[in-house]
Amino acid sequence: MNDKPERLIDKKGLRLDGRKPDQMRPVKLEVGVIPAADGSAYIEQGKNKILVGVYGPREAHPKHLALQDRLVLKCRYHMAPFSVQERKSPAPSRREVELSKVIREALEPAIFTELYPRTMVDLTIEVLQADGGTRCASISAASLALADSGLPMRDLVVACAAGKADDKIVLDLMDEEDKLGSADVPVALMPSLNAITLLQMDGKLSQDEFERAVSLAIDGCKQIYLLQKDALKAKYKNVKAEGEE
Amino acid sequence: MAAVVAKIKQKQIGVLIDKGKRLDGRGLTDYRDLKVEQGLIERAEGSARVHLGKTEIVVGTKVETGEPFSDTPNEGVLTVNAELVPLASPGFEAGPPDENSIELARIVDRGIRESKMIDTEKLCLEAGKKVIVVFVDVYVLNHDGNLIDASALAAVAALLNTKMPNYEYEDGEVKVKSGTTALPLSQHPVTVTFAKIGDKLVVDPQLEEEEVMDARISMAVDDDENICAIQKGGSGYFVPEQVLEASRLAVKKAKEIREKLDW
């Protein structure tokens, strides 16, 4: 492992990768990347590289999981063995089980589940490379994949974390800040509805710091929201161009 | 038929809460009766039982020695596990832990870990080789809602009650000297859970309230009124103002509980 940096923010107020405290890492989003899937998306956020595929609505499997009055969303968050410094066993860890649950609960409020009773949508998230903030990047990509599949949705769900590094509230923590910083607050939002669908925290924050972190994370969400809409439109611009040829 | 009754009750719960009342007569921010007992399992290094209304949790701690994690070579290890025992609810099944029990264990774990309740560096016997491992096993014995707060309280109470053997590390071997020592503890994290029903927040939801809630949010607060862990659950959402309201209320409720328990 690399040596631990002494400070996460230098004298000029810049972070290890040169960002300002309220600056996000570069985000790249792409929609419709897996031809076999009903919906798919890819996100790069910093060094995070994450693929999401959606299948369904289709017959529930196993069948007893089906609900008579609504669709069941099944969600699997998984990290590739090569996605982190030390090889991760491919078997689902307790962390992955928990994240699969909170990601599902972050996405469900956006879906009109009552429109597809007795069916299931399978959503699979594969983290190919992890760089801190994978749950947030996964949610931003997953809601795009759901939209790409044509499922009626109330809004896109977008997620971003804020946290605390060297006593400063910072946006979009990268790996080192996540591990060495003193708090991490991931937030998922449906921006048009002003609805928080995921909120977690670990670390230590005073009441005031917590409020500032939530507000900064929401600002970050709104920035990614614009990129999400561009990515979705970009796919269908291409489809339109192909149709006109 | 049960579903029909549940629907009627669902409506009643919603109507009551809208008026600031609840099924069992509590106010929206009141906890149920809380009872904490310690030291009831003699074979465990520490134990506690919590009654929160009809919800009942037993936590036992076991202390062993083992190897440290490679990224924290000079720190002891804390391991939290939760069992949703089948006798506690018709909805619990035997078998490997499901996502609900894993989530419960990880929320309890985070409250203890992030508050820095245990000084894990004092649990190191020989850096990189041998450390003390503390197991916290949460046993749900009756499920009547808000397992999170009851389990978190029971875990903290059991840790406070824990007496570990006096270990020493000499010539590559762990030796156990006579007597016991308390764990190196400082903080007393308290976790406060809110259910969102309609557009209201209620503290300490009982099972029937959990069945109708849109979403829940749990916040762990340390002795210095810092928030140290949060978890949102359920398929609904919160508006940002509700989250901030919950955080302010969590600090207040945690203080009340700490005063009541003399922590």
# chains A, B, ... in the order shown; residues from 1 in each chain; ligands from 1
call {"tool": "residues_around", "arguments": {"residues": "Asp144 in chain B", "least_positions_apart": "5", "cutoff": "10 Å", "atoms": "only C-alpha atoms", "output": "ChimeraX atom specification"}}
result
/B:52-56,88-89,205-210
call {"tool": "write_last_selection", "arguments": {"atoms": "C-alpha atoms", "output": "CSV table (one decimal), in the first residue's frame"}}
result
chain,number,residue,atom,x,y,z
B,52,LEU,CA,-38.5,-1.3,24.5
B,53,GLY,CA,-42.3,-1.7,24.8
B,54,LYS,CA,-42.8,-5.3,23.8
B,55,THR,CA,-39.7,-5.4,21.7
B,56,GLU,CA,-37.1,-7.5,23.5
B,88,ALA,CA,-39.4,-13.7,17.7
B,89,SER,CA,-41.8,-13.1,14.8
B,205,PRO,CA,-42.2,3.2,15.7
B,206,GLN,CA,-43.9,0.1,17.0
B,207,LEU,CA,-44.5,-2.8,14.6
B,208,GLU,CA,-47.9,-1.7,13.3
B,209,GLU,CA,-46.5,1.7,12.6
B,210,GLU,CA,-43.5,0.2,10.8
call {"tool": "interface_residues", "arguments": {"of": "chain B", "to": "chain A", "cutoff": "7 Å", "atoms": "only C-alpha atoms", "output": "list in words"}}
result
Glu99, Ile102, Glu103, Arg110, Glu114, Glu225, Asn226, Ile227, Cys228, Ala229, Ile230, Gln231, Lys232, Gly233, Gly234, Ser235, Gly236, Tyr237, Phe238, Val239, Pro240 and Leu244 of chain B
call {"tool": "closest_residue", "arguments": {"among": "B:Lys260, B:His143, B:Lys252, B:Arg22", "to": "Gln10 in chain B", "atoms": "only C-alpha atoms"}}
result
B:Arg22
call {"tool": "atom_distance", "arguments": {"atom1": "CA of Leu185 in chain B", "atom2": "CA of Ile132 in chain B"}}
result
14.0 Å
call {"tool": "select_by_dssp", "arguments": {"residues": "range 90-160 of chain B", "states": "strand (DSSP E or B)", "output": "PDB file with N, CA and C atoms, in the first residue's frame"}}
result
ATOM      1  N   ILE B 118     -15.182   2.267  21.639  1.00  0.00           N
ATOM      2  CA  ILE B 118     -14.118   1.366  22.087  1.00  0.00           C
ATOM      3  C   ILE B 118     -12.777   1.922  21.619  1.00  0.00           C
ATOM      4  N   CYS B 124      -4.712  -3.904  21.428  1.00  0.00           N
ATOM      5  CA  CYS B 124      -3.627  -4.503  20.659  1.00  0.00           C
ATOM      6  C   CYS B 124      -2.642  -5.175  21.623  1.00  0.00           C
ATOM      7  N   LEU B 125      -2.323  -6.441  21.372  1.00  0.00           N
ATOM      8  CA  LEU B 125      -1.356  -7.145  22.214  1.00  0.00           C
ATOM      9  C   LEU B 125       0.039  -7.060  21.600  1.00  0.00           C
ATOM     10  N   GLU B 126       0.136  -7.289  20.295  1.00  0.00           N
ATOM     11  CA  GLU B 126       1.410  -7.183  19.580  1.00  0.00           C
ATOM     12  C   GLU B 126       1.067  -6.728  18.160  1.00  0.00           C
ATOM     13  N   LYS B 130      -1.063 -10.062  17.197  1.00  0.00           N
ATOM     14  CA  LYS B 130      -2.176 -10.488  18.055  1.00  0.00           C
ATOM     15  C   LYS B 130      -2.930  -9.287  18.627  1.00  0.00           C
ATOM     16  N   VAL B 131      -4.236  -9.371  18.516  1.00  0.00           N
ATOM     17  CA  VAL B 131      -5.082  -8.336  19.107  1.00  0.00           C
ATOM     18  C   VAL B 131      -6.271  -8.998  19.796  1.00  0.00           C
ATOM     19  N   ILE B 132      -6.986  -8.208  20.583  1.00  0.00           N
ATOM     20  CA  ILE B 132      -8.194  -8.708  21.232  1.00  0.00           C
ATOM     21  C   ILE B 132      -9.381  -8.492  20.288  1.00  0.00           C
ATOM     22  N   VAL B 133     -10.206  -9.521  20.161  1.00  0.00           N
ATOM     23  CA  VAL B 133     -11.371  -9.457  19.277  1.00  0.00           C
ATOM     24  C   VAL B 133     -12.627  -9.461  20.147  1.00  0.00           C
ATOM     25  N   VAL B 134     -13.485  -8.470  19.928  1.00  0.00           N
ATOM     26  CA  VAL B 134     -14.735  -8.386  20.700  1.00  0.00           C
ATOM     27  C   VAL B 134     -15.902  -8.734  19.780  1.00  0.00           C
ATOM     28  N   PHE B 135     -16.619  -9.790  20.118  1.00  0.00           N
ATOM     29  CA  PHE B 135     -17.811 -10.176  19.359  1.00  0.00           C
ATOM     30  C   PHE B 135     -19.049  -9.660  20.078  1.00  0.00           C
ATOM     31  N   VAL B 136     -19.907  -8.982  19.328  1.00  0.00           N
ATOM     32  CA  VAL B 136     -21.179  -8.522  19.879  1.00  0.00           C
ATOM     33  C   VAL B 136     -22.284  -9.244  19.116  1.00  0.00           C
ATOM     34  N   ASP B 137     -23.005 -10.114  19.798  1.00  0.00           N
ATOM     35  CA  ASP B 137     -24.074 -10.846  19.118  1.00  0.00           C
ATOM     36  C   ASP B 137     -25.431 -10.370  19.608  1.00  0.00           C
ATOM     37  N   VAL B 138     -26.207  -9.831  18.642  1.00  0.00           N
ATOM     38  CA  VAL B 138     -27.528  -9.281  18.948  1.00  0.00           C
ATOM     39  C   VAL B 138     -28.569 -10.371  18.695  1.00  0.00           C
ATOM     40  N   TYR B 139     -29.370 -10.654  19.710  1.00  0.00           N
ATOM     41  CA  TYR B 139     -30.420 -11.658  19.590  1.00  0.00           C
ATOM     42  C   TYR B 139     -31.771 -10.980  19.750  1.00  0.00           C
ATOM     43  N   VAL B 140     -32.569 -11.013  18.692  1.00  0.00           N
ATOM     44  CA  VAL B 140     -33.905 -10.437  18.777  1.00  0.00           C
ATOM     45  C   VAL B 140     -34.832 -11.516  19.328  1.00  0.00           C
ATOM     46  N   LEU B 141     -35.450 -11.258  20.499  1.00  0.00           N
ATOM     47  CA  LEU B 141     -36.305 -12.273  21.129  1.00  0.00           C
ATOM     48  C   LEU B 141     -37.790 -11.983  20.989  1.00  0.00           C
ATOM     49  N   ASN B 142     -38.141 -10.730  20.741  1.00  0.00           N
ATOM     50  CA  ASN B 142     -39.529 -10.428  20.372  1.00  0.00           C
ATOM     51  C   ASN B 142     -39.542  -9.170  19.508  1.00  0.00           C
TER      52      ASN B 142
END
call {"tool": "residues_around", "arguments": {"residues": "Cys160 in chain A", "least_positions_apart": "4", "cutoff": "10 Å", "atoms": "only C-alpha atoms", "output": "VMD selection string"}}
result
chain A and resid 24 133 to 137 139 to 140 171 to 173 185 to 189 214 216 to 224
call {"tool": "write_last_selection", "arguments": {"atoms": "N, CA and C atoms", "output": "compact mmCIF listing (two decimals), in the first residue's frame"}}
result
# COMPACT_ATOMS: atom_id res chain seq x y z
N MET A 24 -16.49 18.72 -7.79
CA MET A 24 -16.75 17.31 -8.04
C MET A 24 -15.67 16.73 -8.96
N GLY A 133 -17.06 6.32 -3.06
CA GLY A 133 -18.34 6.81 -3.57
C GLY A 133 -18.97 5.91 -4.60
N THR A 134 -18.74 4.59 -4.50
CA THR A 134 -19.31 3.70 -5.52
C THR A 134 -20.82 3.59 -5.39
N ARG A 135 -21.37 3.67 -4.14
CA ARG A 135 -22.83 3.52 -4.03
C ARG A 135 -23.52 4.68 -4.72
N CYS A 136 -22.95 5.88 -4.59
CA CYS A 136 -23.58 7.04 -5.22
C CYS A 136 -23.48 6.95 -6.73
N ALA A 137 -22.29 6.66 -7.22
CA ALA A 137 -22.12 6.54 -8.67
C ALA A 137 -23.03 5.44 -9.22
N ILE A 139 -25.94 4.49 -8.07
CA ILE A 139 -27.33 4.96 -8.11
C ILE A 139 -27.55 5.88 -9.31
N SER A 140 -26.60 6.80 -9.54
CA SER A 140 -26.74 7.72 -10.68
C SER A 140 -26.82 6.95 -11.99
N LEU A 171 -16.97 18.02 -1.12
CA LEU A 171 -17.92 17.33 -1.99
C LEU A 171 -17.26 16.14 -2.67
N ASP A 172 -18.01 15.05 -2.83
CA ASP A 172 -17.61 13.93 -3.67
C ASP A 172 -16.26 13.34 -3.25
N LEU A 173 -16.26 12.63 -2.13
CA LEU A 173 -15.01 12.08 -1.59
C LEU A 173 -14.41 11.00 -2.50
N VAL A 185 -21.04 11.37 3.96
CA VAL A 185 -22.51 11.46 3.94
C VAL A 185 -23.02 11.26 2.51
N PRO A 186 -23.31 10.04 2.10
CA PRO A 186 -23.90 9.84 0.78
C PRO A 186 -25.39 10.20 0.77
N VAL A 187 -25.80 10.91 -0.27
CA VAL A 187 -27.20 11.36 -0.39
C VAL A 187 -27.70 11.01 -1.79
N ALA A 188 -28.91 10.45 -1.89
CA ALA A 188 -29.55 10.26 -3.20
C ALA A 188 -30.79 11.13 -3.23
N LEU A 189 -31.06 11.70 -4.40
CA LEU A 189 -32.10 12.72 -4.51
C LEU A 189 -32.90 12.53 -5.79
N VAL A 214 -25.12 17.94 4.02
CA VAL A 214 -26.31 17.54 3.26
C VAL A 214 -26.57 18.54 2.13
N LEU A 216 -24.43 20.54 0.66
CA LEU A 216 -23.39 20.43 -0.38
C LEU A 216 -23.62 19.19 -1.26
N ALA A 217 -24.01 18.07 -0.62
CA ALA A 217 -24.27 16.85 -1.38
C ALA A 217 -25.43 17.06 -2.35
N ILE A 218 -26.45 17.80 -1.90
CA ILE A 218 -27.60 18.08 -2.77
C ILE A 218 -27.17 18.93 -3.97
N ASP A 219 -26.28 19.91 -3.73
CA ASP A 219 -25.74 20.70 -4.85
C ASP A 219 -25.04 19.78 -5.85
N GLY A 220 -24.26 18.83 -5.31
CA GLY A 220 -23.55 17.88 -6.18
C GLY A 220 -24.52 17.06 -7.00
N CYS A 221 -25.58 16.59 -6.34
CA CYS A 221 -26.61 15.80 -7.03
C CYS A 221 -27.16 16.58 -8.22
N LYS A 222 -27.43 17.86 -7.98
CA LYS A 222 -28.05 18.67 -9.04
C LYS A 222 -27.12 18.84 -10.23
N GLN A 223 -25.81 18.89 -9.97
CA GLN A 223 -24.86 18.97 -11.09
C GLN A 223 -24.90 17.69 -11.92
N ILE A 224 -24.90 16.53 -11.23
CA ILE A 224 -24.89 15.25 -11.96
C ILE A 224 -26.21 15.05 -12.70
call {"tool": "decode", "arguments": {"residues": "range 27-144 of chain A", "atoms": "C-alpha atoms", "output": "PDB file, in the first residue's frame"}}
result
ATOM      1  CA  VAL A  27     -18.201  12.494 -14.417  1.00  0.00           C
ATOM      2  CA  LYS A  28     -18.798  10.615 -17.655  1.00  0.00           C
ATOM      3  CA  LEU A  29     -22.155   8.943 -18.282  1.00  0.00           C
ATOM      4  CA  GLU A  30     -23.226   6.743 -21.145  1.00  0.00           C
ATOM      5  CA  VAL A  31     -26.595   5.107 -21.801  1.00  0.00           C
ATOM      6  CA  GLY A  32     -27.366   1.915 -23.752  1.00  0.00           C
ATOM      7  CA  VAL A  33     -23.971   0.262 -23.430  1.00  0.00           C
ATOM      8  CA  ILE A  34     -25.100  -3.389 -23.133  1.00  0.00           C
ATOM      9  CA  PRO A  35     -27.006  -4.514 -26.239  1.00  0.00           C
ATOM     10  CA  ALA A  36     -28.465  -7.635 -24.581  1.00  0.00           C
ATOM     11  CA  ALA A  37     -29.988  -5.692 -21.694  1.00  0.00           C
ATOM     12  CA  ASP A  38     -33.384  -3.937 -21.706  1.00  0.00           C
ATOM     13  CA  GLY A  39     -31.670  -0.918 -20.250  1.00  0.00           C
ATOM     14  CA  SER A  40     -28.071  -0.146 -19.368  1.00  0.00           C
ATOM     15  CA  ALA A  41     -25.700   2.623 -18.364  1.00  0.00           C
ATOM     16  CA  TYR A  42     -22.046   3.209 -17.595  1.00  0.00           C
ATOM     17  CA  ILE A  43     -20.530   5.767 -15.264  1.00  0.00           C
ATOM     18  CA  GLU A  44     -17.028   7.006 -14.649  1.00  0.00           C
ATOM     19  CA  GLN A  45     -16.627   9.293 -11.661  1.00  0.00           C
ATOM     20  CA  GLY A  46     -12.996   9.896 -10.827  1.00  0.00           C
ATOM     21  CA  LYS A  47     -11.464   6.439 -11.122  1.00  0.00           C
ATOM     22  CA  ASN A  48     -14.793   4.703 -10.456  1.00  0.00           C
ATOM     23  CA  LYS A  49     -15.910   2.614 -13.429  1.00  0.00           C
ATOM     24  CA  ILE A  50     -19.349   1.048 -12.994  1.00  0.00           C
ATOM     25  CA  LEU A  51     -21.707  -0.796 -15.347  1.00  0.00           C
ATOM     26  CA  VAL A  52     -25.430  -1.258 -14.727  1.00  0.00           C
ATOM     27  CA  GLY A  53     -27.793  -3.568 -16.598  1.00  0.00           C
ATOM     28  CA  VAL A  54     -31.585  -3.827 -16.296  1.00  0.00           C
ATOM     29  CA  TYR A  55     -33.766  -6.761 -17.357  1.00  0.00           C
ATOM     30  CA  GLY A  56     -37.560  -6.682 -17.219  1.00  0.00           C
ATOM     31  CA  PRO A  57     -40.296  -6.162 -16.282  1.00  0.00           C
ATOM     32  CA  ARG A  58     -40.479  -9.918 -16.691  1.00  0.00           C
ATOM     33  CA  GLU A  59     -41.884 -12.947 -14.884  1.00  0.00           C
ATOM     34  CA  ALA A  60     -40.694 -13.015 -11.279  1.00  0.00           C
ATOM     35  CA  HIS A  61     -38.044 -15.552 -10.484  1.00  0.00           C
ATOM     36  CA  PRO A  62     -38.366 -17.288  -8.086  1.00  0.00           C
ATOM     37  CA  LYS A  63     -42.124 -17.035  -8.595  1.00  0.00           C
ATOM     38  CA  HIS A  64     -43.116 -16.724  -4.928  1.00  0.00           C
ATOM     39  CA  LEU A  65     -41.400 -13.327  -4.790  1.00  0.00           C
ATOM     40  CA  ALA A  66     -44.028 -11.837  -7.118  1.00  0.00           C
ATOM     41  CA  LEU A  67     -46.459  -9.317  -5.587  1.00  0.00           C
ATOM     42  CA  GLN A  68     -50.098  -9.121  -6.680  1.00  0.00           C
ATOM     43  CA  ASP A  69     -50.303  -5.332  -6.667  1.00  0.00           C
ATOM     44  CA  ARG A  70     -46.897  -4.151  -7.850  1.00  0.00           C
ATOM     45  CA  LEU A  71     -43.579  -4.778  -9.499  1.00  0.00           C
ATOM     46  CA  VAL A  72     -40.680  -6.194  -7.466  1.00  0.00           C
ATOM     47  CA  LEU A  73     -37.290  -4.570  -7.955  1.00  0.00           C
ATOM     48  CA  LYS A  74     -34.381  -6.910  -7.395  1.00  0.00           C
ATOM     49  CA  CYS A  75     -31.048  -5.211  -7.006  1.00  0.00           C
ATOM     50  CA  ARG A  76     -27.555  -6.617  -6.826  1.00  0.00           C
ATOM     51  CA  TYR A  77     -24.533  -4.427  -6.142  1.00  0.00           C
ATOM     52  CA  HIS A  78     -21.340  -6.324  -6.748  1.00  0.00           C
ATOM     53  CA  MET A  79     -17.661  -5.460  -6.848  1.00  0.00           C
ATOM     54  CA  ALA A  80     -15.352  -7.211  -9.277  1.00  0.00           C
ATOM     55  CA  PRO A  81     -12.448  -9.042  -7.582  1.00  0.00           C
ATOM     56  CA  PHE A  82     -10.008  -6.755  -9.432  1.00  0.00           C
ATOM     57  CA  SER A  83     -11.831  -3.511  -8.597  1.00  0.00           C
ATOM     58  CA  VAL A  84      -9.808  -2.770  -5.460  1.00  0.00           C
ATOM     59  CA  GLN A  85      -6.164  -2.864  -4.317  1.00  0.00           C
ATOM     60  CA  GLU A  86      -6.348  -6.254  -2.600  1.00  0.00           C
ATOM     61  CA  ARG A  87      -8.377  -8.882  -4.462  1.00  0.00           C
ATOM     62  CA  LYS A  88     -11.969  -8.996  -3.251  1.00  0.00           C
ATOM     63  CA  SER A  89     -13.575 -12.409  -3.025  1.00  0.00           C
ATOM     64  CA  PRO A  90     -16.361 -12.608  -5.631  1.00  0.00           C
ATOM     65  CA  ALA A  91     -18.778 -13.981  -3.012  1.00  0.00           C
ATOM     66  CA  PRO A  92     -21.153 -11.236  -1.812  1.00  0.00           C
ATOM     67  CA  SER A  93     -19.844  -9.593   1.361  1.00  0.00           C
ATOM     68  CA  ARG A  94     -22.065  -8.226   4.124  1.00  0.00           C
ATOM     69  CA  ARG A  95     -21.274  -4.742   2.839  1.00  0.00           C
ATOM     70  CA  GLU A  96     -22.505  -5.671  -0.634  1.00  0.00           C
ATOM     71  CA  VAL A  97     -25.713  -7.171   0.777  1.00  0.00           C
ATOM     72  CA  GLU A  98     -26.396  -3.957   2.700  1.00  0.00           C
ATOM     73  CA  LEU A  99     -25.569  -1.720  -0.262  1.00  0.00           C
ATOM     74  CA  SER A 100     -27.812  -3.765  -2.558  1.00  0.00           C
ATOM     75  CA  LYS A 101     -30.647  -3.094  -0.111  1.00  0.00           C
ATOM     76  CA  VAL A 102     -30.088   0.644   0.351  1.00  0.00           C
ATOM     77  CA  ILE A 103     -29.573   1.174  -3.399  1.00  0.00           C
ATOM     78  CA  ARG A 104     -32.837  -0.661  -4.121  1.00  0.00           C
ATOM     79  CA  GLU A 105     -34.625   1.491  -1.547  1.00  0.00           C
ATOM     80  CA  ALA A 106     -33.093   4.611  -3.121  1.00  0.00           C
ATOM     81  CA  LEU A 107     -34.450   3.702  -6.570  1.00  0.00           C
ATOM     82  CA  GLU A 108     -37.889   2.279  -5.661  1.00  0.00           C
ATOM     83  CA  PRO A 109     -39.493   5.646  -4.830  1.00  0.00           C
ATOM     84  CA  ALA A 110     -38.890   6.739  -8.437  1.00  0.00           C
ATOM     85  CA  ILE A 111     -40.648   3.773 -10.064  1.00  0.00           C
ATOM     86  CA  PHE A 112     -44.390   3.479 -10.718  1.00  0.00           C
ATOM     87  CA  THR A 113     -44.308  -0.065  -9.354  1.00  0.00           C
ATOM     88  CA  GLU A 114     -48.120  -0.359  -9.390  1.00  0.00           C
ATOM     89  CA  LEU A 115     -48.153  -0.313 -13.208  1.00  0.00           C
ATOM     90  CA  TYR A 116     -46.532  -3.743 -13.528  1.00  0.00           C
ATOM     91  CA  PRO A 117     -48.075  -6.091 -10.948  1.00  0.00           C
ATOM     92  CA  ARG A 118     -46.726  -9.657 -10.653  1.00  0.00           C
ATOM     93  CA  THR A 119     -43.496  -8.799 -12.468  1.00  0.00           C
ATOM     94  CA  MET A 120     -39.867  -8.329 -11.527  1.00  0.00           C
ATOM     95  CA  VAL A 121     -37.132  -6.024 -12.710  1.00  0.00           C
ATOM     96  CA  ASP A 122     -33.579  -7.294 -12.223  1.00  0.00           C
ATOM     97  CA  LEU A 123     -30.993  -4.593 -11.797  1.00  0.00           C
ATOM     98  CA  THR A 124     -27.330  -5.558 -11.664  1.00  0.00           C
ATOM     99  CA  ILE A 125     -24.530  -3.209 -10.736  1.00  0.00           C
ATOM    100  CA  GLU A 126     -20.959  -4.288 -11.416  1.00  0.00           C
ATOM    101  CA  VAL A 127     -18.222  -2.124  -9.977  1.00  0.00           C
ATOM    102  CA  LEU A 128     -15.275  -2.674 -12.328  1.00  0.00           C
ATOM    103  CA  GLN A 129     -13.042  -0.227 -10.485  1.00  0.00           C
ATOM    104  CA  ALA A 130     -13.693   1.429  -7.131  1.00  0.00           C
ATOM    105  CA  ASP A 131     -12.453   4.869  -6.083  1.00  0.00           C
ATOM    106  CA  GLY A 132     -14.698   5.925  -3.184  1.00  0.00           C
ATOM    107  CA  GLY A 133     -18.339   6.814  -3.569  1.00  0.00           C
ATOM    108  CA  THR A 134     -19.312   3.699  -5.515  1.00  0.00           C
ATOM    109  CA  ARG A 135     -22.829   3.519  -4.027  1.00  0.00           C
ATOM    110  CA  CYS A 136     -23.577   7.040  -5.215  1.00  0.00           C
ATOM    111  CA  ALA A 137     -22.118   6.543  -8.674  1.00  0.00           C
ATOM    112  CA  SER A 138     -24.030   3.237  -8.884  1.00  0.00           C
ATOM    113  CA  ILE A 139     -27.335   4.958  -8.110  1.00  0.00           C
ATOM    114  CA  SER A 140     -26.742   7.719 -10.684  1.00  0.00           C
ATOM    115  CA  ALA A 141     -26.029   5.088 -13.340  1.00  0.00           C
ATOM    116  CA  ALA A 142     -28.765   2.673 -12.205  1.00  0.00           C
ATOM    117  CA  SER A 143     -31.554   5.210 -12.528  1.00  0.00           C
ATOM    118  CA  LEU A 144     -30.322   5.985 -16.059  1.00  0.00           C
TER     119      LEU A 144
END
